[in-house]
file run.csv (CSV, C-alpha atoms)
chain,number,residue,atom,x,y,z
A,1,MET,CA,-45.9,3.9,104.5
A,2,ASN,CA,-49.0,1.8,105.1
A,3,MET,CA,-48.4,-1.9,104.3
A,4,MET,CA,-51.6,-2.0,102.3
A,5,ASN,CA,-50.1,0.6,100.0
A,6,ASP,CA,-47.1,-1.7,99.5
A,7,ARG,CA,-49.4,-4.6,98.8
A,8,VAL,CA,-51.3,-2.6,96.1
A,9,ALA,CA,-47.9,-1.9,94.5
A,10,GLU,CA,-46.9,-5.6,94.8
A,11,VAL,CA,-50.1,-6.7,93.0
A,12,ARG,CA,-49.5,-4.3,90.1
A,13,GLN,CA,-45.8,-5.3,89.8
A,14,HIS,CA,-46.7,-9.0,90.0
A,15,LEU,CA,-49.2,-8.5,87.1
A,16,GLN,CA,-46.5,-6.5,85.3
A,17,ILE,CA,-48.8,-3.8,84.2
A,18,SER,CA,-48.4,0.0,84.3
A,19,GLN,CA,-50.0,2.3,86.8
A,20,ALA,CA,-52.2,3.6,84.1
A,21,LYS,CA,-53.5,0.2,83.0
A,22,PHE,CA,-53.9,-0.9,86.7
A,23,GLY,CA,-55.9,2.3,87.3
A,24,GLU,CA,-58.0,1.9,84.2
A,25,LYS,CA,-59.2,-1.5,85.6
A,26,LEU,CA,-60.1,0.3,88.8
A,27,GLY,CA,-61.7,3.3,87.3
A,28,ILE,CA,-59.0,5.7,88.6
A,29,THR,CA,-56.0,7.5,87.0
A,30,GLY,CA,-52.5,6.3,86.9
A,31,ALA,CA,-51.6,9.3,89.0
A,32,ALA,CA,-54.1,8.1,91.7
A,33,VAL,CA,-52.4,4.6,91.6
A,34,SER,CA,-49.0,6.3,92.1
A,35,ARG,CA,-50.4,8.2,95.1
A,36,LEU,CA,-51.8,4.9,96.5
A,37,GLU,CA,-48.5,3.1,96.0
A,38,SER,CA,-46.4,5.9,97.5
A,39,GLY,CA,-48.6,6.1,100.6
A,40,ALA,CA,-49.7,9.7,99.7
A,41,ARG,CA,-53.3,8.4,99.5
A,42,ALA,CA,-54.8,5.8,102.0
A,43,VAL,CA,-56.1,2.5,100.7
A,44,THR,CA,-59.8,2.8,101.4
A,45,GLU,CA,-62.3,-0.1,101.8
A,46,SER,CA,-63.7,0.6,98.4
A,47,THR,CA,-60.2,0.4,96.9
A,48,VAL,CA,-59.7,-3.0,98.6
A,49,LYS,CA,-62.9,-4.2,97.1
A,50,LEU,CA,-62.0,-2.9,93.6
A,51,VAL,CA,-58.6,-4.4,93.6
A,52,ALA,CA,-59.9,-7.7,94.9
A,53,SER,CA,-62.7,-7.9,92.3
A,54,ALA,CA,-60.7,-6.6,89.3
A,55,PHE,CA,-57.6,-8.7,89.8
A,56,GLY,CA,-58.8,-11.7,91.8
A,57,VAL,CA,-56.8,-10.6,94.8
A,58,SER,CA,-57.6,-12.0,98.3
A,59,ASP,CA,-59.0,-9.1,100.3
A,60,THR,CA,-57.6,-10.7,103.5
A,61,TRP,CA,-54.1,-10.7,101.9
A,62,LEU,CA,-54.5,-7.1,100.8
A,63,ARG,CA,-55.6,-6.0,104.3
A,64,THR,CA,-53.2,-8.1,106.4
A,65,GLY,CA,-50.6,-9.8,104.2
A,66,ALA,CA,-51.8,-13.2,105.5
A,67,GLY,CA,-52.4,-16.1,103.0
A,68,GLU,CA,-52.0,-16.1,99.3
A,69,MET,CA,-52.1,-12.9,97.1
A,70,PHE,CA,-54.6,-14.3,94.7
A,71,VAL,CA,-57.8,-16.2,95.4
A,72,ARG,CA,-57.7,-19.7,94.1
A,73,VAL,CA,-60.5,-20.6,91.8
A,74,ASP,CA,-61.3,-23.8,90.0
A,75,PRO,CA,-60.5,-24.0,86.2
A,76,ASP,CA,-64.2,-23.4,85.2
A,77,GLU,CA,-64.3,-20.2,87.3
A,78,GLU,CA,-61.0,-19.1,85.9
A,79,LEU,CA,-62.1,-19.7,82.3
A,80,ALA,CA,-65.3,-17.8,82.9
A,81,TYR,CA,-63.3,-14.9,84.5
A,82,LEU,CA,-60.8,-14.8,81.6
A,83,LEU,CA,-63.5,-14.9,79.0
A,84,GLY,CA,-65.4,-12.1,80.7
A,85,ALA,CA,-62.2,-10.0,81.0
A,86,LEU,CA,-61.6,-10.7,77.3
A,87,ALA,CA,-65.0,-9.6,76.3
A,88,ALA,CA,-64.7,-6.5,78.4
A,89,ASP,CA,-61.4,-5.6,76.8
A,90,GLY,CA,-63.3,-4.6,73.7
A,91,ASP,CA,-60.8,-6.0,71.2
A,92,GLU,CA,-62.9,-7.3,68.4
A,93,PHE,CA,-60.2,-9.5,67.0
A,94,LYS,CA,-59.6,-11.3,70.3
A,95,VAL,CA,-63.4,-12.0,70.7
A,96,LYS,CA,-63.6,-13.3,67.1
A,97,PHE,CA,-60.5,-15.5,67.7
A,98,ILE,CA,-61.8,-17.1,70.9
A,99,THR,CA,-65.3,-17.5,69.3
A,100,ALA,CA,-63.7,-19.3,66.3
A,101,MET,CA,-61.6,-21.5,68.6
A,102,ALA,CA,-64.7,-22.5,70.6
A,103,LYS,CA,-66.3,-23.8,67.4
A,104,LEU,CA,-63.5,-26.2,66.5
A,105,ASP,CA,-64.3,-29.9,66.3
A,106,ASP,CA,-61.9,-32.6,67.6
A,107,GLU,CA,-60.0,-33.0,64.4
A,108,GLN,CA,-59.4,-29.2,64.1
A,109,TRP,CA,-58.3,-29.1,67.8
A,110,ALA,CA,-55.7,-31.9,67.0
A,111,LEU,CA,-54.3,-29.7,64.2
A,112,VAL,CA,-54.1,-26.7,66.5
A,113,GLU,CA,-52.4,-28.8,69.1
A,114,LYS,CA,-49.9,-30.0,66.6
A,115,PHE,CA,-49.2,-26.5,65.3
A,116,VAL,CA,-48.7,-25.1,68.9
A,117,SER,CA,-46.5,-28.1,69.8
A,118,GLU,CA,-44.3,-27.5,66.7
A,119,MET,CA,-44.1,-23.7,67.5
A,120,CYS,CA,-43.0,-24.4,71.1
A,121,SER,CA,-40.4,-27.1,70.2
A,122,GLY,CA,-38.5,-24.7,68.0
A,123,ASP,CA,-38.4,-27.1,65.1
call {"tool": "encode", "arguments": {"input": "run.csv", "output": "structure tokens"}}
result
Amino acid sequence: MNMMNDRVAEVRQHLQISQAKFGEKLGITGAAVSRLESGARAVTESTVKLVASAFGVSDTWLRTGAGEMFVRVDPDEELAYLLGALAADGDEFKVKFITAMAKLDDEQWALVEKFVSEMCSGD
């Protein structure tokens, strides 16, 4: 099997998503992802670009295995990516929730922080 095929599988497994969900993000079927991962289908240049773009994977790592799997981005870029992915997800509740959170003032953020801290402490 081609090592790029193995790395495609490794990305999906690292993200802990199904072949169908992975394929959905790439615009291909879960069956096509299965063929990629098994080596029945070659990883094309367009597939490399799609995986890199959709999942923030280093195209160098995908091609050669050298370096880090994911491209490191600064926190502002990561936030912008996550918000864009959230908006593209199409889940109206998630968008409403994030929009409401973005409108909180400092006092409200302090209450949310206290709430989350209490949830995480198990008290």
call {"tool": "residues_around", "arguments": {"input": "run.csv", "residues": "Arg7 in chain A", "least_positions_apart": "6", "cutoff": "10 Å", "atoms": "all atoms listed in the file", "output": "number ranges by chain"}}
result
A: 13, 37, 43, 61-65, 69
call {"tool": "closest_residue", "arguments": {"input": "run.csv", "among": "A:Met4, A:Ala66, A:Val57, A:Val51", "to": "Gly39 in chain A", "atoms": "all atoms listed in the file"}}
result
A:Met4
call {"tool": "atom_distance", "arguments": {"input": "run.csv", "atom1": "CA of Phe70 in chain A", "atom2": "CA of Ser58 in chain A"}}
result
5.2 Å
call {"tool": "residues_around", "arguments": {"input": "run.csv", "residues": "Ile28 in chain A", "least_positions_apart": "6", "cutoff": "10 Å", "atoms": "all atoms listed in the file", "output": "count of residues only"}}
result
5
call {"tool": "atom_distance", "arguments": {"input": "run.csv", "atom1": "CA of Leu26 in chain A", "atom2": "CA of Val95 in chain A"}}
result
22.1 Å
call {"tool": "atom_distance", "arguments": {"input": "run.csv", "atom1": "CA of Asp59 in chain A", "atom2": "CA of Ser46 in chain A"}}
result
10.9 Å
call {"tool": "decode", "arguments": {"input": "run.csv", "residues": "range 18-35 of chain A", "atoms": "C-alpha atoms", "output": "mmCIF file, in the first residue's frame"}}
result
data_model
loop_
_atom_site.group_PDB
_atom_site.id
_atom_site.type_symbol
_atom_site.label_atom_id
_atom_site.label_comp_id
_atom_site.auth_asym_id
_atom_site.auth_seq_id
_atom_site.Cartn_x
_atom_site.Cartn_y
_atom_site.Cartn_z
ATOM 1 C CA SER A 18 -16.141 7.935 10.309
ATOM 2 C CA GLN A 19 -15.197 7.393 6.695
ATOM 3 C CA ALA A 20 -18.584 8.852 5.744
ATOM 4 C CA LYS A 21 -18.035 12.057 7.748
ATOM 5 C CA PHE A 22 -14.453 12.376 6.472
ATOM 6 C CA GLY A 23 -15.668 11.918 2.904
ATOM 7 C CA GLU A 24 -18.475 14.418 3.406
ATOM 8 C CA LYS A 25 -15.912 17.113 4.253
ATOM 9 C CA LEU A 26 -13.979 16.216 1.083
ATOM 10 C CA GLY A 27 -17.011 15.942 -1.174
ATOM 11 C CA ILE A 28 -16.587 12.202 -1.718
ATOM 12 C CA THR A 29 -18.400 9.139 -0.424
ATOM 13 C CA GLY A 30 -17.419 7.029 2.542
ATOM 14 C CA ALA A 31 -16.823 4.184 0.102
ATOM 15 C CA ALA A 32 -14.328 6.349 -1.792
ATOM 16 C CA VAL A 33 -12.536 7.061 1.499
ATOM 17 C CA SER A 34 -12.413 3.325 2.157
ATOM 18 C CA ARG A 35 -10.820 2.750 -1.261
#
